file run.pdb (PDB, C-alpha atoms)
MODEL        1
ATOM      1  CA  MET A   1       0.000   0.000   0.000  1.00  0.00           C
ATOM      2  CA  TYR A   2       1.283   3.476  -0.876  1.00  0.00           C
ATOM      3  CA  LYS A   3       2.246   5.499   2.182  1.00  0.00           C
ATOM      4  CA  LEU A   4       1.970   9.257   1.971  1.00  0.00           C
ATOM      5  CA  ASP A   5       3.555   9.612   5.407  1.00  0.00           C
ATOM      6  CA  ALA A   6       6.176   7.121   6.565  1.00  0.00           C
ATOM      7  CA  THR A   7       5.666   8.088  10.224  1.00  0.00           C
ATOM      8  CA  LEU A   8       2.198   6.506  10.168  1.00  0.00           C
ATOM      9  CA  ASP A   9       1.761   2.753  10.354  1.00  0.00           C
ATOM     10  CA  ASP A  10      -0.375   0.783   7.883  1.00  0.00           C
ATOM     11  CA  VAL A  11      -3.482   1.085  10.042  1.00  0.00           C
ATOM     12  CA  GLN A  12      -3.165   4.866  10.327  1.00  0.00           C
ATOM     13  CA  ASN A  13      -2.447   5.251   6.603  1.00  0.00           C
ATOM     14  CA  THR A  14      -5.514   3.157   5.800  1.00  0.00           C
ATOM     15  CA  ARG A  15      -7.602   5.219   8.201  1.00  0.00           C
ATOM     16  CA  PHE A  16      -6.386   8.444   6.591  1.00  0.00           C
ATOM     17  CA  ASN A  17      -7.276   7.187   3.115  1.00  0.00           C
ATOM     18  CA  ASN A  18     -10.718   6.047   4.240  1.00  0.00           C
ATOM     19  CA  ILE A  19     -11.530   9.331   5.982  1.00  0.00           C
ATOM     20  CA  TYR A  20     -10.317  11.756   3.335  1.00  0.00           C
ATOM     21  CA  ARG A  21     -10.537   9.908  -0.009  1.00  0.00           C
ATOM     22  CA  ASP A  22     -13.764  11.564  -1.191  1.00  0.00           C
ATOM     23  CA  LEU A  23     -12.840  14.973   0.221  1.00  0.00           C
ATOM     24  CA  ILE A  24      -9.525  14.918  -1.640  1.00  0.00           C
ATOM     25  CA  LYS A  25     -11.327  14.485  -4.953  1.00  0.00           C
ATOM     26  CA  GLN A  26     -13.923  17.120  -4.039  1.00  0.00           C
ATOM     27  CA  MET A  27     -11.432  19.811  -2.978  1.00  0.00           C
ATOM     28  CA  SER A  28      -9.135  19.206  -5.947  1.00  0.00           C
ATOM     29  CA  LYS A  29     -12.089  20.180  -8.147  1.00  0.00           C
ATOM     30  CA  GLN A  30     -13.017  23.225  -6.047  1.00  0.00           C
ATOM     31  CA  THR A  31      -9.518  24.648  -5.563  1.00  0.00           C
ATOM     32  CA  GLN A  32      -6.337  25.225  -7.553  1.00  0.00           C
ATOM     33  CA  PHE A  33      -4.672  22.196  -5.974  1.00  0.00           C
ATOM     34  CA  THR A  34      -4.031  18.781  -7.482  1.00  0.00           C
ATOM     35  CA  GLU A  35      -5.264  15.676  -5.679  1.00  0.00           C
ATOM     36  CA  MET A  36      -1.740  15.016  -4.409  1.00  0.00           C
ATOM     37  CA  GLU A  37      -1.481  18.551  -3.042  1.00  0.00           C
ATOM     38  CA  VAL A  38      -4.864  18.300  -1.310  1.00  0.00           C
ATOM     39  CA  GLN A  39      -3.780  14.956   0.114  1.00  0.00           C
ATOM     40  CA  SER A  40      -0.585  16.521   1.457  1.00  0.00           C
ATOM     41  CA  ILE A  41      -2.467  19.485   2.960  1.00  0.00           C
ATOM     42  CA  LEU A  42      -4.895  17.141   4.661  1.00  0.00           C
ATOM     43  CA  MET A  43      -2.042  15.020   6.016  1.00  0.00           C
ATOM     44  CA  VAL A  44      -0.786  18.081   7.890  1.00  0.00           C
ATOM     45  CA  TYR A  45      -4.332  18.575   9.188  1.00  0.00           C
ATOM     46  CA  HIS A  46      -4.526  14.902  10.153  1.00  0.00           C
ATOM     47  CA  LYS A  47      -1.347  15.227  12.226  1.00  0.00           C
ATOM     48  CA  PHE A  48      -2.980  18.018  14.230  1.00  0.00           C
ATOM     49  CA  VAL A  49      -6.017  15.809  14.758  1.00  0.00           C
ATOM     50  CA  LEU A  50      -3.895  12.870  15.929  1.00  0.00           C
ATOM     51  CA  ALA A  51      -2.276  15.145  18.524  1.00  0.00           C
ATOM     52  CA  ASN A  52      -5.710  15.486  20.154  1.00  0.00           C
ATOM     53  CA  GLY A  53      -6.026  11.796  20.942  1.00  0.00           C
ATOM     54  CA  PRO A  54      -7.165   8.580  19.226  1.00  0.00           C
ATOM     55  CA  LYS A  55     -10.848   9.550  19.266  1.00  0.00           C
ATOM     56  CA  ALA A  56     -10.364  13.078  17.924  1.00  0.00           C
ATOM     57  CA  ARG A  57     -11.917  13.948  14.576  1.00  0.00           C
ATOM     58  CA  SER A  58     -11.052  17.640  14.130  1.00  0.00           C
ATOM     59  CA  MET A  59      -8.433  20.302  14.694  1.00  0.00           C
ATOM     60  CA  THR A  60      -9.167  22.567  17.669  1.00  0.00           C
ATOM     61  CA  VAL A  61      -9.507  26.335  17.527  1.00  0.00           C
ATOM     62  CA  LYS A  62      -6.665  26.537  20.053  1.00  0.00           C
ATOM     63  CA  GLN A  63      -4.394  24.690  17.617  1.00  0.00           C
ATOM     64  CA  PHE A  64      -5.591  26.982  14.825  1.00  0.00           C
ATOM     65  CA  ASN A  65      -4.736  30.099  16.860  1.00  0.00           C
ATOM     66  CA  GLN A  66      -1.326  28.727  17.807  1.00  0.00           C
ATOM     67  CA  LEU A  67      -0.579  27.964  14.170  1.00  0.00           C
ATOM     68  CA  PHE A  68      -1.194  31.593  13.249  1.00  0.00           C
ATOM     69  CA  SER A  69       0.905  33.042  16.039  1.00  0.00           C
ATOM     70  CA  VAL A  70       3.819  30.578  15.883  1.00  0.00           C
ATOM     71  CA  LEU A  71       4.140  29.755  12.173  1.00  0.00           C
ATOM     72  CA  PHE A  72       2.217  32.414  10.294  1.00  0.00           C
ATOM     73  CA  LYS A  73       3.338  35.269  12.591  1.00  0.00           C
ATOM     74  CA  VAL A  74      -0.182  36.708  12.671  1.00  0.00           C
ATOM     75  CA  TYR A  75      -0.847  37.852  16.229  1.00  0.00           C
ATOM     76  CA  ASP A  76      -4.066  39.867  16.050  1.00  0.00           C
ATOM     77  CA  LEU A  77      -6.703  37.637  17.662  1.00  0.00           C
ATOM     78  CA  GLN A  78      -9.562  39.584  16.091  1.00  0.00           C
ATOM     79  CA  ILE A  79      -8.139  39.003  12.624  1.00  0.00           C
ATOM     80  CA  ILE A  80      -7.614  35.302  13.382  1.00  0.00           C
ATOM     81  CA  GLU A  81     -11.222  35.009  14.574  1.00  0.00           C
ATOM     82  CA  ARG A  82     -12.456  36.768  11.423  1.00  0.00           C
ATOM     83  CA  ILE A  83     -10.445  34.369   9.257  1.00  0.00           C
ATOM     84  CA  LEU A  84     -11.907  31.411  11.113  1.00  0.00           C
ATOM     85  CA  LEU A  85     -15.410  32.835  10.680  1.00  0.00           C
ATOM     86  CA  LEU A  86     -14.889  33.288   6.935  1.00  0.00           C
ATOM     87  CA  ILE A  87     -13.708  29.730   6.321  1.00  0.00           C
ATOM     88  CA  THR A  88     -16.145  27.986   8.682  1.00  0.00           C
ATOM     89  CA  SER A  89     -19.193  30.332   8.697  1.00  0.00           C
ATOM     90  CA  ASP A  90     -19.227  30.162  12.506  1.00  0.00           C
ATOM     91  CA  LEU A  91     -16.878  30.159  15.492  1.00  0.00           C
ATOM     92  CA  LYS A  92     -17.047  26.499  16.389  1.00  0.00           C
ATOM     93  CA  LYS A  93     -14.684  24.871  18.846  1.00  0.00           C
ATOM     94  CA  GLU A  94     -13.238  22.811  16.020  1.00  0.00           C
ATOM     95  CA  VAL A  95     -11.870  23.430  12.533  1.00  0.00           C
ATOM     96  CA  ASP A  96     -13.064  20.912   9.950  1.00  0.00           C
ATOM     97  CA  PRO A  97     -10.904  19.665   7.049  1.00  0.00           C
ATOM     98  CA  VAL A  98     -12.883  21.569   4.401  1.00  0.00           C
ATOM     99  CA  ALA A  99     -12.161  24.863   6.193  1.00  0.00           C
ATOM    100  CA  TRP A 100      -8.493  23.876   6.429  1.00  0.00           C
ATOM    101  CA  VAL A 101      -8.168  23.346   2.674  1.00  0.00           C
ATOM    102  CA  ARG A 102     -10.106  26.550   1.965  1.00  0.00           C
ATOM    103  CA  LEU A 103      -7.645  28.469   4.110  1.00  0.00           C
ATOM    104  CA  PHE A 104      -4.687  27.157   2.151  1.00  0.00           C
ATOM    105  CA  ALA A 105      -6.467  27.835  -1.145  1.00  0.00           C
ATOM    106  CA  VAL A 106      -6.737  31.537  -0.288  1.00  0.00           C
ATOM    107  CA  PHE A 107      -3.296  31.807   1.272  1.00  0.00           C
ATOM    108  CA  MET A 108      -1.669  30.257  -1.786  1.00  0.00           C
ATOM    109  CA  SER A 109      -3.729  32.013  -4.409  1.00  0.00           C
ATOM    110  CA  HIS A 110      -1.826  34.091  -6.955  1.00  0.00           C
ATOM    111  CA  LYS A 111      -4.984  36.012  -7.858  1.00  0.00           C
ATOM    112  CA  LEU A 112      -5.011  39.511  -6.418  1.00  0.00           C
ATOM    113  CA  GLU A 113      -8.798  39.823  -6.646  1.00  0.00           C
ATOM    114  CA  GLU A 114      -9.340  36.703  -4.546  1.00  0.00           C
ATOM    115  CA  ARG A 115      -6.882  37.926  -1.936  1.00  0.00           C
ATOM    116  CA  MET A 116      -8.470  41.378  -1.887  1.00  0.00           C
ATOM    117  CA  LYS A 117     -11.971  40.008  -1.342  1.00  0.00           C
ATOM    118  CA  PHE A 118     -10.757  37.804   1.484  1.00  0.00           C
ATOM    119  CA  THR A 119      -8.817  40.615   3.190  1.00  0.00           C
ATOM    120  CA  PHE A 120     -11.629  43.149   2.899  1.00  0.00           C
ATOM    121  CA  GLN A 121     -14.077  40.661   4.439  1.00  0.00           C
ATOM    122  CA  ILE A 122     -11.708  40.263   7.379  1.00  0.00           C
ATOM    123  CA  TYR A 123     -11.550  44.026   7.924  1.00  0.00           C
ATOM    124  CA  ASN A 124     -15.313  44.466   7.439  1.00  0.00           C
ATOM    125  CA  VAL A 125     -16.172  43.433  11.001  1.00  0.00           C
ATOM    126  CA  GLY A 126     -19.611  45.046  10.814  1.00  0.00           C
ATOM    127  CA  ASN A 127     -20.493  43.087   7.658  1.00  0.00           C
ATOM    128  CA  THR A 128     -21.870  46.295   6.160  1.00  0.00           C
ATOM    129  CA  GLY A 129     -19.913  46.156   2.936  1.00  0.00           C
ATOM    130  CA  SER A 130     -17.807  49.181   3.843  1.00  0.00           C
ATOM    131  CA  LEU A 131     -15.287  50.380   6.417  1.00  0.00           C
ATOM    132  CA  ASN A 132     -16.410  53.404   8.419  1.00  0.00           C
ATOM    133  CA  ARG A 133     -14.269  55.600  10.655  1.00  0.00           C
ATOM    134  CA  GLU A 134     -15.023  53.543  13.742  1.00  0.00           C
ATOM    135  CA  ILE A 135     -13.733  50.328  12.149  1.00  0.00           C
ATOM    136  CA  VAL A 136     -10.607  52.007  10.789  1.00  0.00           C
ATOM    137  CA  THR A 137      -9.938  53.782  14.085  1.00  0.00           C
ATOM    138  CA  LEU A 138     -10.182  50.549  16.080  1.00  0.00           C
ATOM    139  CA  ALA A 139      -7.743  48.871  13.684  1.00  0.00           C
ATOM    140  CA  VAL A 140      -5.308  51.785  13.776  1.00  0.00           C
ATOM    141  CA  GLU A 141      -5.285  51.840  17.580  1.00  0.00           C
ATOM    142  CA  LYS A 142      -3.192  48.668  17.530  1.00  0.00           C
ATOM    143  CA  PHE A 143      -0.494  50.336  15.425  1.00  0.00           C
ATOM    144  CA  PHE A 144       0.494  52.951  17.999  1.00  0.00           C
ATOM    145  CA  THR A 145       1.324  52.459  21.666  1.00  0.00           C
ATOM    146  CA  GLY A 146       3.281  54.499  24.182  1.00  0.00           C
ATOM    147  CA  GLU A 147       3.278  56.235  27.525  1.00  0.00           C
ATOM    148  CA  ASP A 148       2.329  59.655  26.138  1.00  0.00           C
ATOM    149  CA  GLU A 149      -1.405  59.179  25.598  1.00  0.00           C
ATOM    150  CA  ASP A 150      -1.904  62.526  23.872  1.00  0.00           C
ATOM    151  CA  GLU A 151       0.873  61.842  21.384  1.00  0.00           C
ATOM    152  CA  VAL A 152      -0.408  58.330  20.691  1.00  0.00           C
ATOM    153  CA  ASN A 153      -3.954  59.589  20.116  1.00  0.00           C
ATOM    154  CA  GLU A 154      -2.655  62.262  17.760  1.00  0.00           C
ATOM    155  CA  LEU A 155      -0.692  59.688  15.769  1.00  0.00           C
ATOM    156  CA  ARG A 156      -3.760  57.467  15.543  1.00  0.00           C
ATOM    157  CA  SER A 157      -5.950  60.350  14.404  1.00  0.00           C
ATOM    158  CA  ASP A 158      -3.415  61.413  11.766  1.00  0.00           C
ATOM    159  CA  MET A 159      -3.179  57.836  10.473  1.00  0.00           C
ATOM    160  CA  VAL A 160      -6.960  57.529  10.169  1.00  0.00           C
ATOM    161  CA  GLU A 161      -7.094  60.761   8.189  1.00  0.00           C
ATOM    162  CA  LEU A 162      -4.247  59.592   5.963  1.00  0.00           C
ATOM    163  CA  LEU A 163      -5.918  56.256   5.271  1.00  0.00           C
ATOM    164  CA  PHE A 164      -9.255  57.844   4.385  1.00  0.00           C
ATOM    165  CA  LYS A 165      -7.515  60.329   2.132  1.00  0.00           C
ATOM    166  CA  LYS A 166      -5.855  57.401   0.382  1.00  0.00           C
ATOM    167  CA  PHE A 167      -8.644  54.807   0.302  1.00  0.00           C
ATOM    168  CA  ASP A 168     -11.919  56.765   0.238  1.00  0.00           C
ATOM    169  CA  VAL A 169     -11.720  57.223  -3.514  1.00  0.00           C
ATOM    170  CA  ASP A 170     -15.263  58.526  -4.027  1.00  0.00           C
ATOM    171  CA  LYS A 171     -15.094  60.722  -0.876  1.00  0.00           C
ATOM    172  CA  ASP A 172     -18.387  59.476   0.587  1.00  0.00           C
ATOM    173  CA  GLY A 173     -17.007  59.076   4.112  1.00  0.00           C
ATOM    174  CA  VAL A 174     -16.543  55.283   4.045  1.00  0.00           C
ATOM    175  CA  ILE A 175     -14.141  52.883   2.345  1.00  0.00           C
ATOM    176  CA  SER A 176     -16.126  50.553   0.108  1.00  0.00           C
ATOM    177  CA  TYR A 177     -14.748  47.410  -1.487  1.00  0.00           C
ATOM    178  CA  ASP A 178     -14.590  49.244  -4.818  1.00  0.00           C
ATOM    179  CA  ASP A 179     -12.521  52.005  -3.185  1.00  0.00           C
ATOM    180  CA  TYR A 180     -10.211  49.449  -1.601  1.00  0.00           C
ATOM    181  CA  ALA A 181      -9.874  47.386  -4.794  1.00  0.00           C
ATOM    182  CA  THR A 182      -9.065  50.482  -6.865  1.00  0.00           C
ATOM    183  CA  VAL A 183      -6.196  51.447  -4.568  1.00  0.00           C
ATOM    184  CA  VAL A 184      -4.811  47.951  -3.988  1.00  0.00           C
ATOM    185  CA  SER A 185      -4.986  47.025  -7.681  1.00  0.00           C
ATOM    186  CA  ALA A 186      -2.660  49.954  -8.336  1.00  0.00           C
ATOM    187  CA  GLN A 187      -0.527  49.304  -5.236  1.00  0.00           C
ATOM    188  CA  PRO A 188      -0.721  45.615  -4.181  1.00  0.00           C
ATOM    189  CA  MET A 189       1.559  46.194  -1.201  1.00  0.00           C
ATOM    190  CA  LEU A 190      -1.355  48.013   0.470  1.00  0.00           C
ATOM    191  CA  LEU A 191      -3.419  44.800   0.498  1.00  0.00           C
ATOM    192  CA  GLU A 192      -3.124  44.410   4.297  1.00  0.00           C
ATOM    193  CA  PHE A 193      -3.367  48.085   5.223  1.00  0.00           C
ATOM    194  CA  LEU A 194      -5.331  47.449   8.439  1.00  0.00           C
ATOM    195  CA  GLY A 195      -3.282  44.543   9.741  1.00  0.00           C
ATOM    196  CA  GLN A 196      -1.559  41.359   8.597  1.00  0.00           C
ATOM    197  CA  CYS A 197      -3.887  38.613   7.371  1.00  0.00           C
ATOM    198  CA  PHE A 198      -1.539  36.390   5.337  1.00  0.00           C
ATOM    199  CA  PRO A 199       1.623  34.519   6.354  1.00  0.00           C
ATOM    200  CA  ASN A 200       4.889  36.202   5.459  1.00  0.00           C
ATOM    201  CA  VAL A 201       7.199  34.758   2.805  1.00  0.00           C
ATOM    202  CA  ASP A 202       9.048  32.573   5.322  1.00  0.00           C
ATOM    203  CA  GLY A 203       5.754  31.202   6.609  1.00  0.00           C
ATOM    204  CA  MET A 204       4.594  30.409   3.096  1.00  0.00           C
ATOM    205  CA  THR A 205       7.851  28.606   2.365  1.00  0.00           C
ATOM    206  CA  VAL A 206       7.478  26.439   5.484  1.00  0.00           C
ATOM    207  CA  ILE A 207       3.874  25.685   4.518  1.00  0.00           C
ATOM    208  CA  GLY A 208       5.002  24.708   1.030  1.00  0.00           C
ATOM    209  CA  TYR A 209       7.564  22.265   2.397  1.00  0.00           C
ATOM    210  CA  CYS A 210       5.285  20.835   5.093  1.00  0.00           C
ATOM    211  CA  ALA A 211       2.370  20.332   2.725  1.00  0.00           C
ATOM    212  CA  ASN A 212       4.573  19.184  -0.186  1.00  0.00           C
ATOM    213  CA  ILE A 213       3.333  22.012  -2.419  1.00  0.00           C
ATOM    214  CA  MET A 214       6.540  22.719  -4.290  1.00  0.00           C
ATOM    215  CA  SER A 215       5.015  25.471  -6.429  1.00  0.00           C
ATOM    216  CA  GLN A 216       4.732  27.573  -3.264  1.00  0.00           C
ATOM    217  CA  ILE A 217       8.350  27.376  -2.150  1.00  0.00           C
ATOM    218  CA  SER A 218       9.781  30.898  -1.756  1.00  0.00           C
ATOM    219  CA  PHE A 219       6.444  32.287  -2.933  1.00  0.00           C
ATOM    220  CA  PRO A 220       6.913  36.087  -3.114  1.00  0.00           C
ATOM    221  CA  LYS A 221       4.031  38.314  -2.089  1.00  0.00           C
ATOM    222  CA  ALA A 222       4.854  40.818  -4.809  1.00  0.00           C
ATOM    223  CA  ASP A 223       4.289  38.265  -7.575  1.00  0.00           C
ATOM    224  CA  ILE A 224       0.498  38.353  -7.562  1.00  0.00           C
ATOM    225  CA  GLU A 225      -1.525  38.039 -10.703  1.00  0.00           C
ATOM    226  CA  GLU A 226      -4.078  40.746 -11.344  1.00  0.00           C
TER     227      GLU A 226
ENDMDL
END

call {"tool": "encode", "arguments": {"input": "run.pdb", "output": "C-alpha cells"}}
result
Amino acid sequence: MYKLDATLDDVQNTRFNNIYRDLIKQMSKQTQFTEMEVQSILMVYHKFVLANGPKARSMTVKQFNQLFSVLFKVYDLQIIERILLLITSDLKKEVDPVAWVRLFAVFMSHKLEERMKFTFQIYNVGNTGSLNREIVTLAVEKFFTGEDEDEVNELRSDMVELLFKKFDVDKDGVISYDDYATVVSAQPMLLEFLGQCFPNVDGMTVIGYCANIMSQISFPKADIEE
C-alpha cells in the first residue's frame, strides 16, 4: 500500500485514506490544488487531529490560533477570529478539514482579486460592505502604543485621516470594497493596510515544504496576478 507519510503505520495510513478519499477528490475540483497537493495538505491537518487523541476527529480552535501566532506570525486575535469565521461560517470549537483546505487555497492564491476580497471581508467586522471611521480607528489603535497618551492619540488620528484620504476614492465618508480594490490594484503592497492577514514569505515557504506544495516554495508576495 502506498504510504503518503512514513511516520504513520499501515493502520493509520488506511484510516487516513478512508476518511479523506472523497474529500480529496472534491477539494481538488473546487480549488487550484491537485489531488496530491490536497492529500498533502490534509495530512498536515490529520497530524494536528492525531495530537488530540485517538478519538479526535477535528483540529481545535486553540491549535488553529497557535498555528497563526507561531508559524504564520499573525498575532491579532480579532483578525484570526475573522479568518476562522470566513472559512467555517461560525466560530465552532473545532476546525473541519474543508475549512483547512479553503484556508490554504486563499493563502496560496496568486490572484489579487481573490486575496483582496478575502482581506476586505476580514476588515469588514460590521459586515456592512464598507469600512467606516469607527472600524478604521479601532484597527489603527493597535499600530500605535506608548506612555504619552496625547501623542499616541494624535498619531492614531493622523493615520486615520491619511488612510481615508488614500482609500476613500469617491469621498463618501466610508471605504467601500470598490474604493479598496481600486487602490490595492494599483498598489498591491497596500493589500493588508489594516493589519496582517496572510503569512509572510518565510511562513509560506514552510507551509510549502510541510504540505509538499513545491510550487509555493519561496512564494513572493509581490508576484500576484491581477

call {"tool": "residues_around", "arguments": {"input": "run.pdb", "residues": "Gln196 in chain A", "least_positions_apart": "6", "cutoff": "12 Å", "atoms": "all atoms listed in the file", "output": "NGL selection string"}}
result
:A and (68-69 or 72-80 or 83 or 119-120 or 122-123 or 139 or 142-143 or 189-190)

call {"tool": "resolve_selection", "arguments": {"input": "run.pdb", "expression": "the PyMOL selection byres ((chain A and resi 102) around 10)", "output": "list in words"}}
result
Met27, Gln30, Thr31, Leu86, Ile87, Thr88, Pro97, Val98, Ala99, Trp100, Val101, Leu103, Phe104, Ala105, Val106, Phe107 and Met108 of chain A

call {"tool": "closest_residue", "arguments": {"input": "run.pdb", "among": "A:Val70, A:Met43, A:Ala6, A:Ile19", "to": "Pro199 in chain A", "atoms": "all atoms listed in the file"}}
result
A:Val70

call {"tool": "residues_around", "arguments": {"input": "run.pdb", "residues": "Ile135 in chain A", "least_positions_apart": "2", "cutoff": "10 Å", "atoms": "all atoms listed in the file", "output": "PyMOL selection string"}}
result
chain A and resi 123-126+130-133+137-140+174+194

call {"tool": "atom_distance", "arguments": {"input": "run.pdb", "atom1": "CA of Ile24 in chain A", "atom2": "CA of Phe48 in chain A"}}
result
17.4 Å

call {"tool": "resolve_selection", "arguments": {"input": "run.pdb", "expression": "the PyMOL selection byres ((chain A and resi 168) around 12)", "output": "list of chain:residue names"}}
result
A:Ser130, A:Leu131, A:Asn132, A:Arg133, A:Val136, A:Val160, A:Glu161, A:Leu162, A:Leu163, A:Phe164, A:Lys165, A:Lys166, A:Phe167, A:Val169, A:Asp170, A:Lys171, A:Asp172, A:Gly173, A:Val174, A:Ile175, A:Ser176, A:Tyr177, A:Asp178, A:Asp179, A:Tyr180, A:Ala181, A:Thr182, A:Val183

call {"tool": "atom_distance", "arguments": {"input": "run.pdb", "atom1": "CA of Phe193 in chain A", "atom2": "CA of Leu67 in chain A"}}
result
22.2 Å

call {"tool": "axis_aligned_box", "arguments": {"input": "run.pdb", "around": "range 174-180 of chain A", "padding_each_side": "5 Å", "output": "AutoDock Vina command-line options"}}
result
--center_x -13.4 --center_y 51.3 --center_z -0.4 --size_x 16.3 --size_y 17.9 --size_z 18.9
